[in-house]
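Structure file protein.pdb with PDB, C-alpha atoms:
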```
ATOM      1  CA  MET A   1     -70.583 -55.325 -47.892
ATOM      2  CA  ASP A   2     -67.286 -54.699 -49.669
ATOM      3  CA  ILE A   3     -65.747 -51.542 -48.201
ATOM      4  CA  GLU A   4     -64.250 -50.497 -51.568
ATOM      5  CA  LYS A   5     -67.659 -50.443 -53.271
ATOM      6  CA  ARG A   6     -69.680 -48.554 -50.663
ATOM      7  CA  ASN A   7     -70.991 -45.101 -51.373
ATOM      8  CA  PRO A   8     -69.192 -42.251 -49.624
ATOM      9  CA  THR A   9     -71.008 -40.730 -46.685
ATOM     10  CA  VAL A  10     -72.264 -37.170 -46.689
ATOM     11  CA  ALA A  11     -69.384 -36.216 -44.392
ATOM     12  CA  GLU A  12     -66.839 -37.811 -46.753
ATOM     13  CA  ARG A  13     -68.317 -36.051 -49.794
ATOM     14  CA  SER A  14     -68.364 -32.772 -47.894
ATOM     15  CA  GLU A  15     -64.746 -33.221 -46.829
ATOM     16  CA  ARG A  16     -63.659 -33.881 -50.407
ATOM     17  CA  ALA A  17     -65.636 -30.919 -51.704
ATOM     18  CA  SER A  18     -64.174 -28.723 -48.971
ATOM     19  CA  ALA A  19     -60.634 -29.798 -49.866
ATOM     20  CA  GLU A  20     -61.323 -29.097 -53.543
ATOM     21  CA  TYR A  21     -62.774 -25.696 -52.652
ATOM     22  CA  ARG A  22     -59.668 -24.834 -50.584
ATOM     23  CA  ARG A  23     -57.396 -25.942 -53.419
ATOM     24  CA  LEU A  24     -59.276 -23.788 -55.928
ATOM     25  CA  ALA A  25     -59.352 -20.834 -53.533
ATOM     26  CA  ASN A  26     -55.590 -21.137 -53.035
ATOM     27  CA  GLN A  27     -55.050 -21.239 -56.802
ATOM     28  CA  GLU A  28     -57.211 -18.150 -57.228
ATOM     29  CA  LYS A  29     -55.283 -16.336 -54.479
ATOM     30  CA  PHE A  30     -51.964 -17.254 -56.126
ATOM     31  CA  ILE A  31     -53.147 -16.051 -59.544
ATOM     32  CA  LEU A  32     -54.294 -12.772 -58.012
ATOM     33  CA  GLU A  33     -50.961 -12.270 -56.209
ATOM     34  CA  VAL A  34     -48.984 -12.952 -59.403
ATOM     35  CA  THR A  35     -51.213 -10.600 -61.406
ATOM     36  CA  GLU A  36     -50.786  -7.836 -58.843
ATOM     37  CA  ALA A  37     -46.997  -8.336 -58.807
ATOM     38  CA  LEU A  38     -46.874  -8.151 -62.605
ATOM     39  CA  LEU A  39     -48.964  -4.982 -62.633
ATOM     40  CA  ARG A  40     -46.673  -3.370 -60.045
ATOM     41  CA  ALA A  41     -43.609  -4.308 -62.091
ATOM     42  CA  ILE A  42     -45.202  -2.914 -65.255
ATOM     43  CA  GLU A  43     -46.073   0.358 -63.523
ATOM     44  CA  GLU A  44     -42.666   0.673 -61.819
ATOM     45  CA  ASN A  45     -40.873   0.195 -65.148
ATOM     46  CA  GLY A  46     -43.171   2.549 -67.040
ATOM     47  CA  LEU A  47     -44.301  -0.057 -69.526
ATOM     48  CA  THR A  48     -47.499   0.530 -71.459
ATOM     49  CA  TRP A  49     -48.980  -0.862 -74.628
ATOM     50  CA  VAL A  50     -47.831   2.301 -76.375
ATOM     51  CA  ASN A  51     -44.155   2.084 -75.416
ATOM     52  CA  GLY A  52     -44.011  -1.616 -74.646
ATOM     53  CA  PRO A  53     -42.655  -4.536 -76.631
ATOM     54  CA  ILE A  54     -45.545  -4.681 -79.101
ATOM     55  CA  GLU A  55     -45.086  -1.074 -80.148
ATOM     56  CA  ARG A  56     -41.302  -1.529 -80.388
ATOM     57  CA  LEU A  57     -41.843  -4.507 -82.705
ATOM     58  CA  ARG A  58     -44.182  -2.466 -84.895
ATOM     59  CA  LYS A  59     -41.619   0.329 -85.146
ATOM     60  CA  ALA A  60     -38.856  -2.149 -85.980
ATOM     61  CA  ALA A  61     -40.911  -3.734 -88.781
ATOM     62  CA  PRO A  62     -43.534  -1.158 -89.842
ATOM     63  CA  ASN A  63     -44.660  -3.172 -92.885
ATOM     64  CA  ALA A  64     -45.144  -6.389 -90.928
ATOM     65  CA  GLY A  65     -48.750  -5.728 -90.171
TER      66      GLY A  65
END
```

Show this structure as structure tokens.
Amino acid sequence: MDIEKRNPTVAERSERASAEYRRLANQEKFILEVTEALLRAIEENGLTWVNGPIERLRKAAPNAG
């Protein structure tokens, strides 16, 4: 039997799935850490939707929409 054409074993499939799960879990952890850092920075700088960049743009061009 050609080794390249054989079906992966249960252990091999499990190992690949486990590696994929770890990769996705690490991505999720990174996204959460970045989100938390951004929220801290927003709070520390007193930014809100009311006084943030969107509101400043509306005040600068009140007829723009």

Report as lines of an AutoDock Vina configuration file the centre and the edge lengths, in Å to one decimal, of the axis-aligned box holding every listed atom of range 30-43 of chain A, padded by 3 Å on each side.
```
center_x = -49.0
center_y = -8.4
center_z = -60.7
size_x = 16.7
size_y = 23.6
size_z = 15.1
```

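Computed from the coordinates, the CA of Arg22 in chain A to CA of Asn7 in chain A distance equals 23.2 Å.
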
Distance of CA of Arg23 in chain A from CA of Ile42 in chain A, expressed in Å to one decimal place: 28.6 Å

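Atom to atom, CA of Ala19 in chain A and CA of Thr35 in chain A stand 24.3 Å apart.
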